[in-house]
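Report on the following structure.
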Amino acid sequence: MQTETTLSESICTQNLVMSFLAVSQQAAIACYPLIGRSDKMAADDAGTKAMRSRLNRINMDAVVVIGEGEMDEAPMLYINEKLGTGSGPKVDIAVDPVEGTNLMAAGKDNALSVISAATRGSLLHAPDMYMKKIAVGPQAKGCIDIDKSLTENMKNVARSLGKDIRELDVLIQERPRHQELAQEAVKAGAHVRFFSEADVTAAIATAFDHCDADIFAGIGGAPEGVVAATALKSLGGDFQGKLVPQSKEEIERCIKMGIPFPEKKLTMDDIVKTDDCFFVATGITNGMLLDGVKQTASGKLITHSIVLTGGKMKNVQFIHGQFSGDSEF
């Protein structure tokens, strides 16, 4: 059942959304000097510190639902950490200061600074473990079922998009665990497009025509699944997931976090229980969706961001920003 929110109570206000945009911009800019420096720990630390500093200035009562780990694993942006001034809307937030740390450290494409938000109590508290995922854009909403084979899903999506299955582009992360999945897609006649990391980008890409992505499928991190689902809900797309515990300890962790049946199918509304949500990301390096941070000859830093708002304020914006290279904005 979805959370009812009036427009006046909505968290999707111009002020709050733009404040979150400043957060992702600040984190991406903080990471810029570390692109291609082969130090993913330093890059993640820079993005995390910048993101937390900016979040704590916002008038909100926020709780980190998806973050950098538990309190004993992460010094900041840990799960259940409270952020903001304490006054203002009550918000669940899911953060990933550097989505694609390995990509950024190597100077490769598709590294992002990502943050999403929803009304308090609306986001799934996903444990840090694997999740089986499938995602599509708005035109194929309602056509996917994670309990069915990829072939069946491709047939249904192709029908919804008015395409032949041989015209479909399927995004799959290049991992040994996905070998059979990729072979199934090829056997059915679809085009497989592999990517190395950052499956949040891959899932969201299904909602944009210029990305040549019709379906995203595979197994990746559960926290990233919540972030991607928030973006796709704002866009009107579809996402389903299923946790894949690898041990008894992980099963117990799910139960402790309020998921009594870990291997149950999770629909979009199970993961994001409200339409009152938004997603913001700023490119760190160039990617399918966004350009990375650039520096002009005069020293200005140029950012490229996407802002997705759901609910009654549903909107999609691509935003370029320009900032002084020697000062925090």
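Here's how to read the names in the structure tokens: chain A, B, ... by the order shown, residue numbers from 1 in each chain, ligand numbers from 1 in the order shown.
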- DSSP on the backbone, then: every residue of stretch 30-252 of chain A marked strand (DSSP E or B), written as a PyMOL selection string. chain A and resi 61-66+82-83+90-99+112-119+123+130-136+169-173+191-195+215-221+238-244
- Message: Need to verify the contact set: stretch 200-212 of chain A, 9 Å, only C-alpha atoms, exclusion of same-chain residues closer than 4 positions in sequence. Can you return it as number ranges by chain?
- Response: A: 99, 110-112, 133-139, 168-173, 195, 216-217, 224-225, 227-229, 231-232, 235-237, 239, 287-289
Quick one: residues within 10 Å of A:Ser196, only C-alpha atoms, excluding same-chain residues fewer than 5 positions away - as a PDB file with N, CA and C atoms, in the first residue's frame?
ATOM      1  N   GLY A 100      30.607   3.507  -8.462  1.00  0.00           N
ATOM      2  CA  GLY A 100      31.640   3.133  -9.421  1.00  0.00           C
ATOM      3  C   GLY A 100      33.011   3.625  -8.977  1.00  0.00           C
ATOM      4  N   ASN A 102      35.785   1.956  -8.500  1.00  0.00           N
ATOM      5  CA  ASN A 102      36.853   1.398  -9.332  1.00  0.00           C
ATOM      6  C   ASN A 102      36.945   2.128 -10.668  1.00  0.00           C
ATOM      7  N   LEU A 103      35.784   2.463 -11.222  1.00  0.00           N
ATOM      8  CA  LEU A 103      35.752   3.189 -12.489  1.00  0.00           C
ATOM      9  C   LEU A 103      36.430   4.550 -12.335  1.00  0.00           C
ATOM     10  N   LYS A 108      37.783   5.631 -15.720  1.00  0.00           N
ATOM     11  CA  LYS A 108      36.850   5.058 -16.700  1.00  0.00           C
ATOM     12  C   LYS A 108      35.479   5.701 -16.598  1.00  0.00           C
ATOM     13  N   ASP A 109      34.650   5.441 -17.600  1.00  0.00           N
ATOM     14  CA  ASP A 109      33.322   6.038 -17.693  1.00  0.00           C
ATOM     15  C   ASP A 109      32.345   5.504 -16.646  1.00  0.00           C
ATOM     16  N   ASN A 110      31.269   6.288 -16.452  1.00  0.00           N
ATOM     17  CA  ASN A 110      30.073   5.911 -15.699  1.00  0.00           C
ATOM     18  C   ASN A 110      30.176   6.002 -14.186  1.00  0.00           C
ATOM     19  N   ILE A 172      23.633  -6.067 -19.364  1.00  0.00           N
ATOM     20  CA  ILE A 172      24.041  -7.092 -18.407  1.00  0.00           C
ATOM     21  C   ILE A 172      25.457  -6.778 -17.929  1.00  0.00           C
ATOM     22  N   GLN A 173      25.668  -6.823 -16.627  1.00  0.00           N
ATOM     23  CA  GLN A 173      27.008  -6.579 -16.097  1.00  0.00           C
ATOM     24  C   GLN A 173      27.930  -7.737 -16.469  1.00  0.00           C
ATOM     25  N   GLU A 174      29.134  -7.389 -16.895  1.00  0.00           N
ATOM     26  CA  GLU A 174      30.080  -8.400 -17.357  1.00  0.00           C
ATOM     27  C   GLU A 174      30.730  -9.099 -16.167  1.00  0.00           C
ATOM     28  N   ARG A 175      30.093 -10.216 -15.757  1.00  0.00           N
ATOM     29  CA  ARG A 175      30.565 -11.020 -14.646  1.00  0.00           C
ATOM     30  C   ARG A 175      30.365 -12.500 -14.990  1.00  0.00           C
TER      31      ARG A 175
END
- Query: Quick one: residues within 12 Å of A:Ile66, only C-alpha atoms counted, chain neighbours fewer than 4 positions away excluded, as a PyMOL selection string?
  - Reply: chain A and resi 62+70+77-81+92-97+114-118+123-128+221-228+230+257+271
Dump N, CA, C and O atoms for the selected residues as a short mmCIF file (atom, residue, chain, number, x, y, z; two decimals), in the first residue's frame?
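Output saved as out.cif:
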data_model
loop_
_atom_site.label_atom_id
_atom_site.label_comp_id
_atom_site.auth_asym_id
_atom_site.auth_seq_id
_atom_site.Cartn_x
_atom_site.Cartn_y
_atom_site.Cartn_z
N ALA A 62 16.43 13.84 8.45
CA ALA A 62 16.70 12.72 7.53
C ALA A 62 17.38 11.56 8.25
O ALA A 62 18.14 11.74 9.20
N GLU A 70 27.20 -0.17 8.17
CA GLU A 70 26.75 0.01 9.55
C GLU A 70 27.68 0.99 10.27
O GLU A 70 28.78 1.30 9.80
N LEU A 77 27.85 8.71 7.06
CA LEU A 77 26.83 8.24 6.13
C LEU A 77 26.54 6.75 6.36
O LEU A 77 26.30 5.99 5.43
N TYR A 78 26.59 6.34 7.63
CA TYR A 78 26.28 4.96 7.98
C TYR A 78 24.77 4.79 8.11
O TYR A 78 24.02 5.76 8.30
N ILE A 79 24.31 3.56 8.01
CA ILE A 79 22.89 3.25 8.08
C ILE A 79 22.33 3.69 9.43
O ILE A 79 22.93 3.43 10.49
N ASN A 80 21.21 4.37 9.39
CA ASN A 80 20.50 4.92 10.55
C ASN A 80 21.11 6.22 11.08
O ASN A 80 20.64 6.76 12.09
N GLU A 81 22.15 6.75 10.42
CA GLU A 81 22.67 8.04 10.83
C GLU A 81 21.63 9.12 10.54
O GLU A 81 20.97 9.11 9.48
N ASP A 92 13.63 9.68 4.32
CA ASP A 92 14.55 8.56 4.16
C ASP A 92 15.50 8.91 3.03
O ASP A 92 15.06 9.39 1.98
N ILE A 93 16.80 8.67 3.21
CA ILE A 93 17.71 8.92 2.10
C ILE A 93 18.57 7.69 1.81
O ILE A 93 18.90 6.91 2.70
N ALA A 94 18.90 7.52 0.55
CA ALA A 94 19.81 6.47 0.09
C ALA A 94 20.94 7.16 -0.63
O ALA A 94 20.70 7.95 -1.55
N VAL A 95 22.17 6.92 -0.21
CA VAL A 95 23.31 7.65 -0.77
C VAL A 95 24.37 6.70 -1.32
O VAL A 95 24.56 5.60 -0.83
N ASP A 96 25.04 7.16 -2.33
CA ASP A 96 26.24 6.51 -2.84
C ASP A 96 27.15 7.63 -3.35
O ASP A 96 27.01 8.07 -4.49
N PRO A 97 28.03 8.13 -2.50
CA PRO A 97 28.86 9.28 -2.89
C PRO A 97 29.66 9.04 -4.16
O PRO A 97 29.85 9.96 -4.95
N VAL A 114 25.55 9.90 -6.30
CA VAL A 114 24.12 9.59 -6.35
C VAL A 114 23.47 9.76 -4.98
O VAL A 114 24.04 9.40 -3.95
N ILE A 115 22.26 10.30 -4.99
CA ILE A 115 21.48 10.39 -3.76
C ILE A 115 19.99 10.37 -4.12
O ILE A 115 19.57 10.97 -5.10
N SER A 116 19.22 9.62 -3.34
CA SER A 116 17.77 9.60 -3.56
C SER A 116 17.06 9.73 -2.22
O SER A 116 17.64 9.49 -1.16
N ALA A 117 15.81 10.13 -2.27
CA ALA A 117 15.06 10.40 -1.05
C ALA A 117 13.59 10.06 -1.22
O ALA A 117 13.05 10.08 -2.33
N ALA A 118 12.95 9.76 -0.10
CA ALA A 118 11.51 9.49 -0.08
C ALA A 118 11.00 9.82 1.32
O ALA A 118 11.77 9.98 2.26
N LEU A 123 11.40 3.70 2.12
CA LEU A 123 12.43 2.97 1.38
C LEU A 123 12.78 1.65 2.07
O LEU A 123 12.91 1.59 3.29
N LEU A 124 12.95 0.62 1.27
CA LEU A 124 13.35 -0.69 1.79
C LEU A 124 14.72 -0.59 2.46
O LEU A 124 15.67 -0.04 1.89
N HIS A 125 14.84 -1.12 3.66
CA HIS A 125 16.13 -1.19 4.35
C HIS A 125 16.87 -2.42 3.83
O HIS A 125 16.88 -3.47 4.47
N ALA A 126 17.46 -2.28 2.67
CA ALA A 126 18.10 -3.42 2.01
C ALA A 126 19.47 -3.70 2.62
O ALA A 126 20.30 -2.79 2.70
N PRO A 127 19.72 -4.93 3.04
CA PRO A 127 21.05 -5.26 3.57
C PRO A 127 22.09 -5.28 2.46
O PRO A 127 21.75 -5.39 1.27
N ASP A 128 23.34 -5.17 2.86
CA ASP A 128 24.44 -5.15 1.89
C ASP A 128 24.73 -6.57 1.44
O ASP A 128 25.59 -7.27 2.00
N GLY A 221 24.42 -5.45 -6.23
CA GLY A 221 24.21 -5.05 -4.85
C GLY A 221 22.77 -4.65 -4.57
O GLY A 221 22.14 -3.94 -5.35
N ALA A 222 22.25 -5.11 -3.43
CA ALA A 222 20.89 -4.76 -3.03
C ALA A 222 20.73 -3.26 -2.73
O ALA A 222 19.73 -2.66 -3.14
N PRO A 223 21.69 -2.62 -2.05
CA PRO A 223 21.54 -1.18 -1.82
C PRO A 223 21.39 -0.38 -3.11
O PRO A 223 20.57 0.54 -3.20
N GLU A 224 22.19 -0.74 -4.12
CA GLU A 224 22.09 -0.07 -5.43
C GLU A 224 20.72 -0.30 -6.06
O GLU A 224 20.21 0.54 -6.80
N GLY A 225 20.11 -1.45 -5.75
CA GLY A 225 18.77 -1.74 -6.25
C GLY A 225 17.75 -0.75 -5.73
O GLY A 225 16.85 -0.31 -6.46
N VAL A 226 17.87 -0.37 -4.45
CA VAL A 226 16.94 0.60 -3.86
C VAL A 226 17.12 1.97 -4.52
O VAL A 226 16.14 2.65 -4.84
N VAL A 227 18.35 2.37 -4.74
CA VAL A 227 18.63 3.66 -5.38
C VAL A 227 18.05 3.67 -6.79
O VAL A 227 17.38 4.65 -7.20
N ALA A 228 18.30 2.61 -7.56
CA ALA A 228 17.79 2.54 -8.93
C ALA A 228 16.27 2.52 -8.97
O ALA A 228 15.65 3.16 -9.83
N THR A 230 14.22 3.87 -6.86
CA THR A 230 13.72 5.23 -6.58
C THR A 230 13.75 6.09 -7.84
O THR A 230 12.79 6.81 -8.13
N MET A 257 16.64 -6.83 9.75
CA MET A 257 16.34 -5.55 9.11
C MET A 257 14.89 -5.43 8.65
O MET A 257 14.53 -4.55 7.89
N ILE A 271 9.76 -1.88 -2.66
CA ILE A 271 11.07 -1.25 -2.46
C ILE A 271 10.93 0.25 -2.17
O ILE A 271 11.63 0.80 -1.32
#
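Distance-wise, atom CA of A:Gly47 and atom CA of A:Gly292 end up 14.3 Å apart.
Residue neighbourhood of A:Lys264, excluding near-sequence residues (fewer than 3 positions): Asp147, Gly241, Lys242, Leu243, Val244, Ile259, Pro260, Phe261 and Thr267 of chain A, at 10 Å, using only C-alpha atoms.
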Output N, CA, C and O atoms for every residue in the selection just made, as a CSV table (one decimal), in the first residue's frame.
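Written output follows (out_18.csv):
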chain,number,residue,atom,x,y,z
A,147,ASP,N,10.2,-13.6,-11.6
A,147,ASP,CA,10.0,-15.0,-11.4
A,147,ASP,C,10.0,-15.8,-12.7
A,147,ASP,O,10.0,-17.0,-12.7
A,241,GLY,N,13.0,-6.9,-7.8
A,241,GLY,CA,14.2,-7.4,-7.2
A,241,GLY,C,13.9,-8.7,-6.3
A,241,GLY,O,12.8,-8.9,-5.9
A,242,LYS,N,15.0,-9.4,-6.0
A,242,LYS,CA,14.8,-10.6,-5.1
A,242,LYS,C,16.2,-10.7,-4.5
A,242,LYS,O,17.2,-10.9,-5.1
A,243,LEU,N,16.2,-10.7,-3.1
A,243,LEU,CA,17.5,-10.8,-2.4
A,243,LEU,C,18.0,-12.2,-2.6
A,243,LEU,O,17.3,-13.2,-2.7
A,244,VAL,N,19.4,-12.3,-2.6
A,244,VAL,CA,20.1,-13.5,-2.9
A,244,VAL,C,21.0,-13.8,-1.7
A,244,VAL,O,22.3,-13.6,-1.8
A,259,ILE,N,13.0,-7.9,7.0
A,259,ILE,CA,12.6,-8.7,5.8
A,259,ILE,C,12.5,-10.1,6.2
A,259,ILE,O,13.5,-10.9,6.1
A,260,PRO,N,11.3,-10.6,6.7
A,260,PRO,CA,11.2,-11.9,7.2
A,260,PRO,C,11.3,-13.1,6.1
A,260,PRO,O,11.6,-14.2,6.5
A,261,PHE,N,11.0,-12.7,4.9
A,261,PHE,CA,11.1,-13.7,3.8
A,261,PHE,C,12.1,-13.2,2.8
A,261,PHE,O,11.7,-12.6,1.8
A,267,THR,N,8.5,-6.1,-5.5
A,267,THR,CA,8.0,-5.2,-6.6
A,267,THR,C,8.5,-3.8,-6.3
A,267,THR,O,9.1,-3.5,-5.3
- Among listed residues A:Phe20, A:Gly310, A:Ala46, A:Thr296, nearest A:Pro33 (using only C-alpha atoms): A:Ala46
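Listed by chain and then by rising number, the residues of stretch 29-77 of chain A that DSSP assigns to helix (DSSP H, G or I) from the backbone are Ile29, Ala30, Cys31, Tyr32, Pro33, Leu34, Lys40, Met41, Ala42, Ala43, Asp44, Asp45, Ala46, Gly47, Thr48, Lys49, Ala50, Met51, Arg52, Ser53, Arg54 and Leu55 of chain A.
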- Query: Which residue gives the smallest distance to A:Ala188 among A:Val280, A:Lys155, A:Leu161, A:Lys82, with only C-alpha atoms counted?
  - Reply: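 Of the candidates, the smallest distance to A:Ala188 is held by A:Lys155.
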- Between atom CA of A:Asp214 and atom CA of A:Met104, what is the distance, to one decimal in Å?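 Computing it gives 25.9 Å between the two atoms.
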- Task: Select, from A:Gln240, A:Ser10, A:Gln25, A:Asn153, the residue with the minimum atom-to-atom distance to A:Met313, counting only C-alpha atoms.
- Result: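 Distance minimum relative to A:Met313 lands on A:Ser10.
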